[in-house]
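Structure file work-v5.cif (mmCIF, C-alpha atoms) is printed below.
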```cif
data_data
#
loop_
_atom_site.label_atom_id
_atom_site.label_comp_id
_atom_site.auth_asym_id
_atom_site.auth_seq_id
_atom_site.Cartn_x
_atom_site.Cartn_y
_atom_site.Cartn_z
CA MET A 8 -20.83 2.93 -13.67
CA THR A 9 -20.81 -0.78 -14.56
CA SER A 10 -17.19 -1.30 -15.51
CA SER A 11 -14.39 -2.48 -13.21
CA ARG A 12 -11.55 -1.67 -15.63
CA LEU A 13 -11.13 2.08 -15.69
CA LEU A 14 -8.99 4.61 -17.52
CA VAL A 15 -8.66 7.92 -15.66
CA PRO A 16 -6.79 10.76 -17.43
CA VAL A 17 -5.36 13.24 -14.92
CA SER A 18 -4.08 16.79 -14.94
CA GLU A 19 -3.68 19.38 -12.21
CA SER A 20 -7.14 20.60 -11.18
CA ARG A 21 -9.17 21.66 -8.16
CA THR A 22 -11.45 18.63 -8.47
CA LEU A 23 -8.81 15.94 -9.01
CA ARG A 24 -8.73 14.79 -5.37
CA ASN A 25 -12.49 14.25 -5.31
CA THR A 26 -12.36 12.49 -8.68
CA VAL A 27 -9.78 10.02 -7.37
CA ALA A 28 -11.94 9.31 -4.32
CA TYR A 29 -15.01 8.77 -6.53
CA VAL A 30 -13.22 6.42 -8.92
CA VAL A 31 -11.75 4.34 -6.10
CA GLN A 32 -15.13 4.03 -4.39
CA GLU A 33 -16.82 2.97 -7.62
CA ALA A 34 -14.07 0.42 -8.35
CA LEU A 35 -14.45 -1.06 -4.87
CA GLU A 36 -18.20 -1.39 -5.37
CA ARG A 37 -17.72 -3.13 -8.73
CA ALA A 38 -15.14 -5.46 -7.20
CA THR A 39 -17.59 -6.36 -4.43
CA GLU A 40 -20.40 -6.98 -6.92
CA THR A 41 -18.38 -9.14 -9.30
CA GLY A 42 -16.24 -10.90 -6.72
CA SER A 43 -13.06 -10.11 -8.69
CA SER A 44 -10.50 -7.35 -8.49
CA ALA A 45 -10.96 -4.04 -10.30
CA THR A 46 -8.31 -2.06 -12.19
CA ILE A 47 -7.70 1.67 -12.37
CA HIS A 48 -5.15 3.21 -14.74
CA PHE A 49 -4.33 6.85 -14.02
CA VAL A 50 -2.65 8.34 -17.09
CA TYR A 51 -1.02 11.71 -17.62
CA PRO A 52 -0.95 12.90 -21.26
CA LEU A 53 2.22 14.74 -22.23
CA SER A 54 1.40 17.73 -24.38
CA GLU A 55 5.02 18.00 -25.60
CA ARG A 56 6.74 15.46 -27.78
CA LEU A 57 9.88 13.87 -26.33
CA THR A 58 12.54 13.20 -28.96
CA TYR A 59 15.04 11.83 -26.43
CA ASP A 60 14.70 9.89 -23.18
CA SER A 61 15.22 13.03 -21.14
CA GLU A 62 13.55 14.55 -18.13
CA THR A 63 11.76 17.81 -18.86
CA LYS A 64 9.79 20.16 -16.69
CA GLU A 65 6.55 18.56 -17.86
CA THR A 66 7.69 15.00 -17.20
CA GLU A 67 8.80 16.06 -13.73
CA THR A 68 5.35 17.55 -13.18
CA ALA A 69 3.81 14.32 -14.45
CA HIS A 70 5.87 12.15 -12.08
CA THR A 71 4.91 14.34 -9.14
CA LEU A 72 1.20 14.41 -9.96
CA LEU A 73 1.02 10.65 -10.59
CA ASP A 74 2.82 9.97 -7.29
CA ARG A 75 0.30 12.19 -5.53
CA VAL A 76 -2.65 10.48 -7.22
CA ALA A 77 -1.30 7.05 -6.24
CA VAL A 78 -0.98 8.14 -2.61
CA TRP A 79 -4.54 9.49 -2.61
CA ALA A 80 -5.90 6.30 -4.16
CA GLU A 81 -4.07 4.03 -1.72
CA GLU A 82 -5.30 6.17 1.17
CA ASP A 83 -8.88 5.82 -0.07
CA LEU A 84 -8.48 2.06 -0.54
CA GLY A 85 -7.33 1.59 3.05
CA ASP A 86 -7.60 -2.08 4.00
CA ASN A 87 -9.12 -2.97 0.61
CA ALA A 88 -5.89 -2.55 -1.37
CA ASP A 89 -6.05 -6.15 -2.63
CA ASP A 90 -9.42 -5.53 -4.31
CA VAL A 91 -8.18 -2.86 -6.74
CA THR A 92 -5.07 -2.80 -8.92
CA LEU A 93 -3.61 0.67 -9.44
CA GLU A 94 -1.43 1.74 -12.36
CA THR A 95 0.07 5.17 -13.11
CA THR A 96 1.83 6.16 -16.30
CA MET A 97 2.48 8.88 -18.86
CA VAL A 98 1.06 8.59 -22.38
CA GLY A 99 1.66 10.39 -25.66
CA ALA A 100 5.40 10.89 -25.08
CA ARG A 101 6.28 10.27 -28.74
CA GLU A 102 3.46 12.24 -30.35
CA TYR A 103 2.30 15.78 -30.79
CA LEU A 104 -0.91 16.26 -28.80
CA PHE A 105 -2.81 19.33 -29.89
CA SER A 106 -6.48 18.73 -30.66
CA PRO A 107 -9.12 16.76 -28.73
CA ALA A 108 -8.86 14.09 -31.43
CA ASP A 109 -5.13 13.70 -30.71
CA TYR A 110 -5.75 13.16 -27.00
CA ALA A 111 -8.69 10.85 -27.66
CA ASP A 112 -6.60 8.70 -30.00
CA VAL A 113 -3.89 8.27 -27.35
CA PHE A 114 -6.39 7.41 -24.60
CA VAL A 115 -8.34 4.93 -26.73
CA ARG A 116 -5.22 3.11 -27.94
CA TYR A 117 -3.97 2.84 -24.35
CA ALA A 118 -7.37 1.57 -23.17
CA ARG A 119 -7.46 -1.11 -25.87
CA ASP A 120 -3.87 -2.16 -25.23
CA HIS A 121 -4.67 -2.68 -21.54
CA ASP A 122 -8.20 -4.05 -21.92
CA LEU A 123 -9.90 -1.06 -20.27
CA ASP A 124 -13.53 -0.43 -21.17
CA CYS A 125 -14.48 2.85 -19.45
CA ALA A 126 -12.86 6.28 -19.36
CA VAL A 127 -13.67 8.41 -16.33
CA PHE A 128 -12.85 12.10 -16.70
CA ASP A 129 -12.22 14.64 -13.97
CA PRO A 130 -14.54 17.65 -14.56
CA GLY A 131 -11.49 19.90 -14.26
CA PHE A 132 -9.35 17.88 -16.68
CA ASN A 133 -7.58 20.24 -19.09
CA PRO A 134 -3.95 19.33 -19.86
CA ILE A 135 -3.39 22.28 -22.19
CA GLY A 136 -4.71 24.81 -19.66
CA THR A 137 -6.26 27.20 -22.20
CA ALA A 138 -9.43 26.54 -24.20
CA PRO A 139 -11.90 24.05 -22.67
CA LEU A 140 -10.89 20.60 -23.88
CA LEU A 141 -13.18 18.24 -22.01
CA PRO A 142 -16.53 18.35 -23.92
CA PRO A 143 -15.06 17.73 -27.40
CA LEU A 144 -12.60 15.21 -25.93
CA GLU A 145 -15.41 13.17 -24.37
CA ALA A 146 -17.29 13.27 -27.67
CA GLU A 147 -14.23 12.02 -29.57
CA VAL A 148 -13.70 9.14 -27.12
CA ARG A 149 -17.37 8.14 -27.25
CA ARG A 150 -17.19 8.05 -31.03
CA THR A 151 -14.68 5.20 -30.82
CA GLY A 152 -17.09 3.06 -28.82
CA LEU A 153 -15.33 3.38 -25.46
CA SER A 154 -17.64 4.06 -22.53
CA VAL A 155 -17.24 7.57 -21.11
CA GLU A 156 -18.26 9.04 -17.76
CA GLU A 157 -17.55 12.36 -16.08
CA ALA A 158 -16.95 12.08 -12.34
CA PRO A 159 -19.95 13.63 -10.54
CA VAL A 160 -17.89 15.82 -8.24
CA GLN A 161 -18.64 19.45 -7.47
CA ARG A 162 -16.61 22.02 -9.32
CA GLU A 163 -14.98 24.63 -7.12
CA ARG A 164 -15.33 28.33 -7.80
CA ARG A 165 -12.34 29.90 -9.52
CA SER A 166 -12.71 32.82 -7.09
CA PRO A 167 -14.24 31.28 -3.98
CA LEU A 168 -16.29 33.46 -1.70
CA LEU A 169 -14.57 34.54 1.50
CA VAL A 170 -17.72 33.98 3.53
CA LYS A 171 -19.69 30.78 2.99
CA ARG A 172 -22.82 29.40 4.50
CA GLY A 173 -21.85 27.78 7.78
CA THR A 174 -23.21 24.58 9.27
CA LEU A 175 -24.04 23.67 12.85
CA ALA A 176 -21.07 21.30 12.87
CA GLN A 177 -18.75 24.17 11.97
CA PHE A 178 -20.31 26.39 14.63
CA PHE A 179 -19.91 23.83 17.41
CA SER A 180 -16.40 22.94 16.24
CA LEU A 181 -15.35 26.59 16.40
CA PHE A 182 -17.06 27.01 19.76
CA SER A 183 -15.38 23.91 21.22
CA VAL A 184 -11.90 24.80 19.99
CA SER A 185 -12.22 28.41 21.19
CA TYR A 186 -13.64 27.35 24.55
CA LEU A 187 -10.90 24.80 25.22
CA PHE A 188 -8.21 27.27 24.15
CA TYR A 189 -9.63 29.94 26.47
CA LEU A 190 -9.69 27.54 29.44
CA LEU A 191 -6.15 26.40 28.61
CA LEU A 192 -4.92 30.00 28.74
CA ALA A 193 -6.92 30.74 31.86
CA GLY A 194 -5.52 27.69 33.64
CA SER A 195 -8.63 27.45 35.80
CA LEU A 196 -12.07 25.85 35.83
CA ALA A 197 -13.57 28.38 38.20
CA PRO A 198 -17.20 29.38 37.49
CA PHE A 199 -16.11 32.85 36.36
CA GLU A 200 -13.66 31.38 33.82
CA LEU A 201 -16.24 28.87 32.57
CA ALA A 202 -18.81 31.62 32.05
CA THR A 203 -16.50 34.15 30.38
CA GLY A 204 -14.99 31.37 28.28
CA ALA A 205 -18.42 30.36 27.00
CA ILE A 206 -19.26 33.98 26.13
CA THR A 207 -15.93 34.50 24.35
CA ALA A 208 -16.17 31.21 22.46
CA SER A 209 -19.72 32.07 21.34
CA ILE A 210 -18.57 35.45 19.98
CA VAL A 211 -15.69 33.80 18.12
CA ALA A 212 -17.91 31.07 16.69
CA VAL A 213 -20.55 33.55 15.48
CA SER A 214 -17.93 35.88 13.97
CA LEU A 215 -15.98 33.18 12.12
CA TRP A 216 -18.82 30.78 11.38
CA GLY A 217 -18.75 31.33 7.62
CA ILE A 218 -14.98 31.77 7.28
CA SER A 219 -13.13 29.16 9.32
CA LEU A 220 -13.38 25.36 9.13
CA THR A 221 -15.26 25.54 5.82
CA THR A 222 -13.31 22.61 4.35
CA PRO A 223 -15.27 19.32 4.57
CA VAL A 224 -14.09 17.18 7.46
CA HIS A 225 -13.70 13.42 7.11
CA PRO A 226 -13.89 12.12 10.70
CA ILE A 227 -12.20 8.75 10.13
CA ARG A 228 -9.42 10.26 8.03
CA THR A 229 -8.91 13.03 10.59
CA ILE A 230 -8.69 10.57 13.49
CA LYS A 231 -6.10 8.51 11.60
CA ARG A 232 -4.04 11.62 10.89
CA LEU A 233 -4.16 12.68 14.53
CA GLY A 234 -2.99 9.22 15.55
CA ARG A 235 -0.12 9.34 13.07
CA PHE A 236 0.74 12.86 14.21
CA ALA A 237 0.99 11.58 17.79
CA LEU A 238 3.64 9.14 16.54
CA TYR A 239 5.37 11.89 14.57
CA ILE A 240 5.96 14.16 17.59
CA PRO A 241 8.36 11.82 19.45
CA TYR A 242 10.09 11.03 16.14
CA LEU A 243 10.62 14.76 15.49
CA LEU A 244 11.89 15.26 19.04
CA TRP A 245 14.37 12.43 18.53
CA GLN A 246 15.60 14.01 15.29
CA ILE A 247 16.03 17.34 17.12
CA VAL A 248 18.03 15.66 19.90
CA LYS A 249 20.32 13.91 17.40
CA ALA A 250 20.86 17.14 15.46
CA ASN A 251 21.63 19.02 18.70
CA VAL A 252 24.29 16.47 19.61
CA GLU A 253 25.83 16.72 16.13
CA ILE A 254 25.89 20.54 16.17
CA ALA A 255 27.37 20.53 19.69
CA ARG A 256 30.12 18.21 18.46
CA VAL A 257 30.87 20.53 15.54
CA VAL A 258 30.90 23.65 17.71
CA LEU A 259 33.18 22.08 20.31
CA HIS A 260 35.55 20.64 17.71
CA PRO A 261 38.88 22.56 17.59
CA ASP A 262 38.71 22.90 13.78
CA LEU A 263 35.03 23.96 13.74
CA PRO A 264 34.24 21.74 10.70
CA ILE A 265 31.27 23.63 9.30
CA ASP A 266 30.40 23.77 5.61
CA PRO A 267 27.46 26.18 5.22
CA LYS A 268 25.59 25.90 1.96
CA MET A 269 22.18 26.84 0.53
CA VAL A 270 20.37 23.94 -1.15
CA GLU A 271 17.11 23.60 -3.05
CA PHE A 272 14.80 20.66 -3.70
CA ASP A 273 11.18 19.85 -4.52
CA ALA A 274 9.46 18.01 -1.69
CA ALA A 275 6.89 15.29 -2.40
CA VAL A 276 4.25 16.91 -0.19
CA TRP A 277 1.23 18.87 -1.33
CA SER A 278 -1.21 21.44 0.03
CA GLU A 279 -0.50 24.10 2.62
CA LEU A 280 -0.57 22.13 5.88
CA PRO A 281 1.88 19.31 4.94
CA VAL A 282 4.26 21.83 3.34
CA THR A 283 4.12 24.07 6.43
CA THR A 284 4.67 21.09 8.72
CA LEU A 285 7.74 19.99 6.79
CA ALA A 286 9.16 23.53 6.59
CA ASN A 287 8.78 24.04 10.35
CA SER A 288 10.20 20.60 11.13
CA ILE A 289 13.31 21.37 9.07
CA THR A 290 13.75 24.69 10.88
CA LEU A 291 13.28 23.09 14.31
CA THR A 292 16.06 20.63 13.56
CA PRO A 293 19.43 22.28 14.38
CA GLY A 294 21.76 22.57 11.40
CA THR A 295 19.01 23.29 8.86
CA LEU A 296 16.87 26.38 8.33
CA THR A 297 14.02 26.76 5.85
CA VAL A 298 14.71 30.05 4.08
CA ASP A 299 11.97 30.04 1.46
CA VAL A 300 9.12 27.85 0.23
CA SER A 301 7.35 28.34 -3.08
CA ARG A 302 4.50 25.84 -3.33
CA ARG A 303 6.58 22.68 -2.72
CA HIS A 304 9.99 24.04 -3.76
CA PHE A 305 12.19 24.40 -0.66
CA THR A 306 15.25 26.58 -0.19
CA VAL A 307 17.13 25.46 2.92
CA HIS A 308 20.33 26.69 4.58
CA THR A 309 22.45 23.80 5.85
CA LEU A 310 25.34 24.23 8.29
CA THR A 311 27.22 20.96 7.76
CA GLY A 312 27.57 18.20 5.20
CA SER A 313 25.88 15.71 7.50
CA SER A 314 22.85 17.96 7.90
CA ARG A 315 22.56 18.12 4.08
CA GLU A 316 22.80 14.33 3.85
CA ASP A 317 20.04 13.94 6.43
CA LEU A 318 17.91 16.49 4.57
CA PHE A 319 18.27 14.80 1.17
CA ASP A 320 17.86 11.37 2.74
CA GLY A 321 14.28 12.49 3.23
CA SER A 322 13.55 11.04 6.67
CA LEU A 323 11.56 14.09 7.79
CA GLU A 324 9.80 14.30 4.44
CA ARG A 325 8.77 10.64 4.64
CA ALA A 326 7.55 11.15 8.20
CA VAL A 327 5.40 14.13 7.17
CA ARG A 328 3.97 12.13 4.25
CA PHE A 329 3.19 9.33 6.71
CA VAL A 330 1.23 11.76 8.88
CA PHE A 331 -0.89 13.22 6.09
CA TYR A 332 -1.06 10.43 3.50
CA GLY A 333 -0.50 7.17 5.36
CA LEU A 334 2.13 4.45 5.38
CA SER A 335 1.85 3.82 1.62
CA ALA A 336 3.30 7.29 0.93
CA ALA A 337 6.68 6.08 2.22
CA ARG A 338 7.25 4.37 -1.12
CA ILE A 339 7.70 7.74 -2.84
CA PRO A 340 11.42 8.26 -3.51
CA SER A 341 13.41 10.56 -1.22
CA PRO A 342 14.92 13.81 -2.60
CA VAL A 343 18.28 12.15 -3.30
CA GLU A 344 16.55 9.20 -5.00
CA ARG A 345 14.52 11.59 -7.16
CA MET A 346 17.73 13.43 -8.11
CA ASP A 347 19.39 10.12 -9.05
CA ARG A 348 16.36 9.22 -11.17
CA ASP A 349 16.53 12.57 -12.96
CA GLU A 350 20.24 12.06 -13.69
CA GLU A 351 19.56 8.61 -15.12
CA ASP A 352 16.77 9.95 -17.31
CA THR A 353 19.05 12.60 -18.79
CA ARG A 354 21.73 10.08 -19.82
#
```

I'd like the structure from this file rewritten - as structure tokens, please.
Amino acid sequence: MTSSRLLVPVSESRTLRNTVAYVVQEALERATETGSSATIHFVYPLSERLTYDSETKETETAHTLLDRVAVWAEEDLGDNADDVTLETTMVGAREYLFSPADYADVFVRYARDHDLDCAVFDPGFNPIGTAPLLPPLEAEVRRTGLSVEEAPVQRERRSPLLVKRGTLAQFFSLFSVSYLFYLLLAGSLAPFELATGAITASIVAVSLWGISLTTPVHPIRTIKRLGRFALYIPYLLWQIVKANVEIARVVLHPDLPIDPKMVEFDAAVWSELPVTTLANSITLTPGTLTVDVSRRHFTVHTLTGSSREDLFDGSLERAVRFVFYGLSAARIPSPVERMDRDEEDTR
């Protein structure tokens, strides 16, 4: 890649995260080589035509995905945020997009309007989700003279194998975690415990070598997350203490001013671990109980009006995003702000 002004079409895919990381890394390298800042435009093509300025299910999906992509990109930039300018937007909102030529026309016009000279495609890019769109789309874009590249990231299996080939790093990680956990339960460092712990940890590591810890580990990113998680724990404890005081006040009040209600919202967190962390944090906080989670859609029982206000204010959600995505993720609107934005879009 020789360009520093990039157009990156995005859609939900298994390889999107790796594509974002690749594009950011390439942009940083071009910025270093040229001594000037690089630009990346992440665009989401709307496959449905909008006749009014209204929020639809697809535009909501687009906002969410673009927010997620921006968080990923800023996380990958780290301290080099000044070297790369990031833009996220939806395209094709006033047109019918059906064929590869339709999508190519929208992308090329956007690239020319914003002086972009290279389109980088995610290997899993397919906004219509049916027939393969990428090969003919790339051909159509090339035909206009715009440079085209497909991100060299590995495609994931649609049906991944349960057992994969393990590495020595995975083996020793499993052994270490199992060994430490065994000694923690034993509560002793006696020779007998050390020996039986080593035997047990070895059996666990051999048995689960090709199943557990198969996701690639990024040491620096993991260390940062652990550090942020260490800050999150006292924050969560403080939220629990405050909620306990509030619930105690309500219970001891002569009028028992409770207002139980079930509420739903879509949280701006993604993947299993952040969603699970947020769901458990909500449940641990008195006055709120996570009843159901479907992907990132939360159903929560709230006991009082103040507990609902705190929930929609998004303090816990922002804290969880801080842990997993970094400080830049705090700019994503809270649930109540997203609801206000949706109401404005429908006017």

Using all atoms listed in the file, can you tell me which of A:Phe114, A:Tyr29, A:Phe128, A:Phe305 comes closest to Val276 (chain A)?
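Ranked by minimum distance to Val276 (chain A), first place goes to A:Phe305.
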
Expand the PyMOL selection byres ((chain A and resi 44-51) around 6) into the individual residues it matches in the shown file, reporting them as a PyMOL selection string.
chain A and resi 11-17+34+38+43+52+90-97

Produce a file of the selected residues containing C-alpha atoms, as a compact mmCIF listing (two decimals), keeping the file's coordinate frame.
```txt
# COMPACT_ATOMS: atom_id res chain seq x y z
CA SER A 11 -14.39 -2.48 -13.21
CA ARG A 12 -11.55 -1.67 -15.63
CA LEU A 13 -11.13 2.08 -15.69
CA LEU A 14 -8.99 4.61 -17.52
CA VAL A 15 -8.66 7.92 -15.66
CA PRO A 16 -6.79 10.76 -17.43
CA VAL A 17 -5.36 13.24 -14.92
CA ALA A 34 -14.07 0.42 -8.35
CA ALA A 38 -15.14 -5.46 -7.20
CA SER A 43 -13.06 -10.11 -8.69
CA PRO A 52 -0.95 12.90 -21.26
CA ASP A 90 -9.42 -5.53 -4.31
CA VAL A 91 -8.18 -2.86 -6.74
CA THR A 92 -5.07 -2.80 -8.92
CA LEU A 93 -3.61 0.67 -9.44
CA GLU A 94 -1.43 1.74 -12.36
CA THR A 95 0.07 5.17 -13.11
CA THR A 96 1.83 6.16 -16.30
CA MET A 97 2.48 8.88 -18.86
```

Evaluate the PyMOL selection byres ((chain A and resi 207) around 12) and report residues as a list in words
Leu181, Phe182, Ser183, Val184, Ser185, Tyr186, Leu187, Phe188, Tyr189, Leu190, Glu200, Leu201, Ala202, Thr203, Gly204, Ala205, Ile206, Ala208, Ser209, Ile210, Val211, Ala212, Val213 and Ser214 of chain A

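Using all atoms listed in the file, the residues found no farther than 9 Å from Thr306 (chain A), other than those of its own chain fewer than 6 positions away, are Met269, Val270, Glu271, Phe272, Asp273, Leu296, Thr297, Val298, Asp299 and Val300 of chain A.
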
Would you please work out which residue, of A:Arg256, A:Lys64, A:Arg328, A:Arg338, is nearest to Thr311 (chain A) when using only C-alpha atoms?
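Result for the nearest residue to Thr311 (chain A): A:Arg256.
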
From A:Ala158, A:Ala100, A:Asn133, A:Gly152, residue lying nearest Val27 (chain A) [only C-alpha atoms]
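Of A:Ala158, A:Ala100, A:Asn133, A:Gly152, the one nearest Val27 (chain A) is A:Ala158, counting only C-alpha atoms.
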
Take CA of Glu344 (chain A) and CA of Asp74 (chain A) and report the distance between them in Å, one decimal.
13.9 Å

Assuming the chain letters and numbering stay as they are in my file, what does the PyMOL selection byres ((chain A and resi 243-249) around 8) actually select? List them as a ChimeraX atom specification.
/A:239-242,250-253,288,291-293,323

Can those selected residues be exported to a file as a PDB file, keeping the file's coordinate frame so that it contains C-alpha atoms?
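Result went into out.pdb, see below:
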```
ATOM      1  CA  TYR A 239       5.370  11.890  14.570  1.00  0.00           C
ATOM      2  CA  ILE A 240       5.960  14.160  17.590  1.00  0.00           C
ATOM      3  CA  PRO A 241       8.360  11.820  19.450  1.00  0.00           C
ATOM      4  CA  TYR A 242      10.090  11.030  16.140  1.00  0.00           C
ATOM      5  CA  ALA A 250      20.860  17.140  15.460  1.00  0.00           C
ATOM      6  CA  ASN A 251      21.630  19.020  18.700  1.00  0.00           C
ATOM      7  CA  VAL A 252      24.290  16.470  19.610  1.00  0.00           C
ATOM      8  CA  GLU A 253      25.830  16.720  16.130  1.00  0.00           C
ATOM      9  CA  SER A 288      10.200  20.600  11.130  1.00  0.00           C
ATOM     10  CA  LEU A 291      13.280  23.090  14.310  1.00  0.00           C
ATOM     11  CA  THR A 292      16.060  20.630  13.560  1.00  0.00           C
ATOM     12  CA  PRO A 293      19.430  22.280  14.380  1.00  0.00           C
ATOM     13  CA  LEU A 323      11.560  14.090   7.790  1.00  0.00           C
TER      14      LEU A 323
END
```

Please report the interatomic distance between CA of His308 (chain A) and CA of Ile265 (chain A) in Å with one decimal.
12.3 Å

Which residues are close to Tyr110 (chain A), i.e. within 12 Å by only C-alpha atoms, leaving aside same-chain residues fewer than 4 positions away? Reply as an mmCIF file with C-alpha atoms, in the coordinates of the input.
```
data_model
loop_
_atom_site.group_PDB
_atom_site.id
_atom_site.type_symbol
_atom_site.label_atom_id
_atom_site.label_comp_id
_atom_site.auth_asym_id
_atom_site.auth_seq_id
_atom_site.Cartn_x
_atom_site.Cartn_y
_atom_site.Cartn_z
ATOM 1 C CA PRO A 16 -6.790 10.760 -17.430
ATOM 2 C CA VAL A 50 -2.650 8.340 -17.090
ATOM 3 C CA TYR A 51 -1.020 11.710 -17.620
ATOM 4 C CA PRO A 52 -0.950 12.900 -21.260
ATOM 5 C CA LEU A 53 2.220 14.740 -22.230
ATOM 6 C CA SER A 54 1.400 17.730 -24.380
ATOM 7 C CA GLU A 55 5.020 18.000 -25.600
ATOM 8 C CA VAL A 98 1.060 8.590 -22.380
ATOM 9 C CA GLY A 99 1.660 10.390 -25.660
ATOM 10 C CA ALA A 100 5.400 10.890 -25.080
ATOM 11 C CA GLU A 102 3.460 12.240 -30.350
ATOM 12 C CA TYR A 103 2.300 15.780 -30.790
ATOM 13 C CA LEU A 104 -0.910 16.260 -28.800
ATOM 14 C CA PHE A 105 -2.810 19.330 -29.890
ATOM 15 C CA SER A 106 -6.480 18.730 -30.660
ATOM 16 C CA PHE A 114 -6.390 7.410 -24.600
ATOM 17 C CA VAL A 115 -8.340 4.930 -26.730
ATOM 18 C CA ARG A 116 -5.220 3.110 -27.940
ATOM 19 C CA TYR A 117 -3.970 2.840 -24.350
ATOM 20 C CA PHE A 132 -9.350 17.880 -16.680
ATOM 21 C CA ASN A 133 -7.580 20.240 -19.090
ATOM 22 C CA PRO A 134 -3.950 19.330 -19.860
ATOM 23 C CA ILE A 135 -3.390 22.280 -22.190
ATOM 24 C CA LEU A 140 -10.890 20.600 -23.880
ATOM 25 C CA LEU A 141 -13.180 18.240 -22.010
ATOM 26 C CA PRO A 143 -15.060 17.730 -27.400
ATOM 27 C CA LEU A 144 -12.600 15.210 -25.930
ATOM 28 C CA GLU A 145 -15.410 13.170 -24.370
ATOM 29 C CA ALA A 146 -17.290 13.270 -27.670
ATOM 30 C CA GLU A 147 -14.230 12.020 -29.570
ATOM 31 C CA VAL A 148 -13.700 9.140 -27.120
#
```

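Here CA of Asp83 (chain A) is placed at a distance of 25.5 Å from CA of Thr66 (chain A).
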
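Proximity ranking of A:Ala336, A:Ile227, A:Leu310, A:Phe178 relative to Thr290 (chain A) places A:Leu310 first, based on only C-alpha atoms.
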
Residue nearest Gly333 (chain A) - candidates A:Val160, A:Ala69, A:Ala274, A:Ala77, atoms counted: all atoms listed in the file
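Using all atoms listed in the file, Gly333 (chain A) sits closest to A:Ala77.
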
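With only C-alpha atoms as the atoms that count, the residue of A:Ser322, A:Thr22, A:Thr63, A:Ser10 with the shortest distance to Arg37 (chain A) is A:Ser10.
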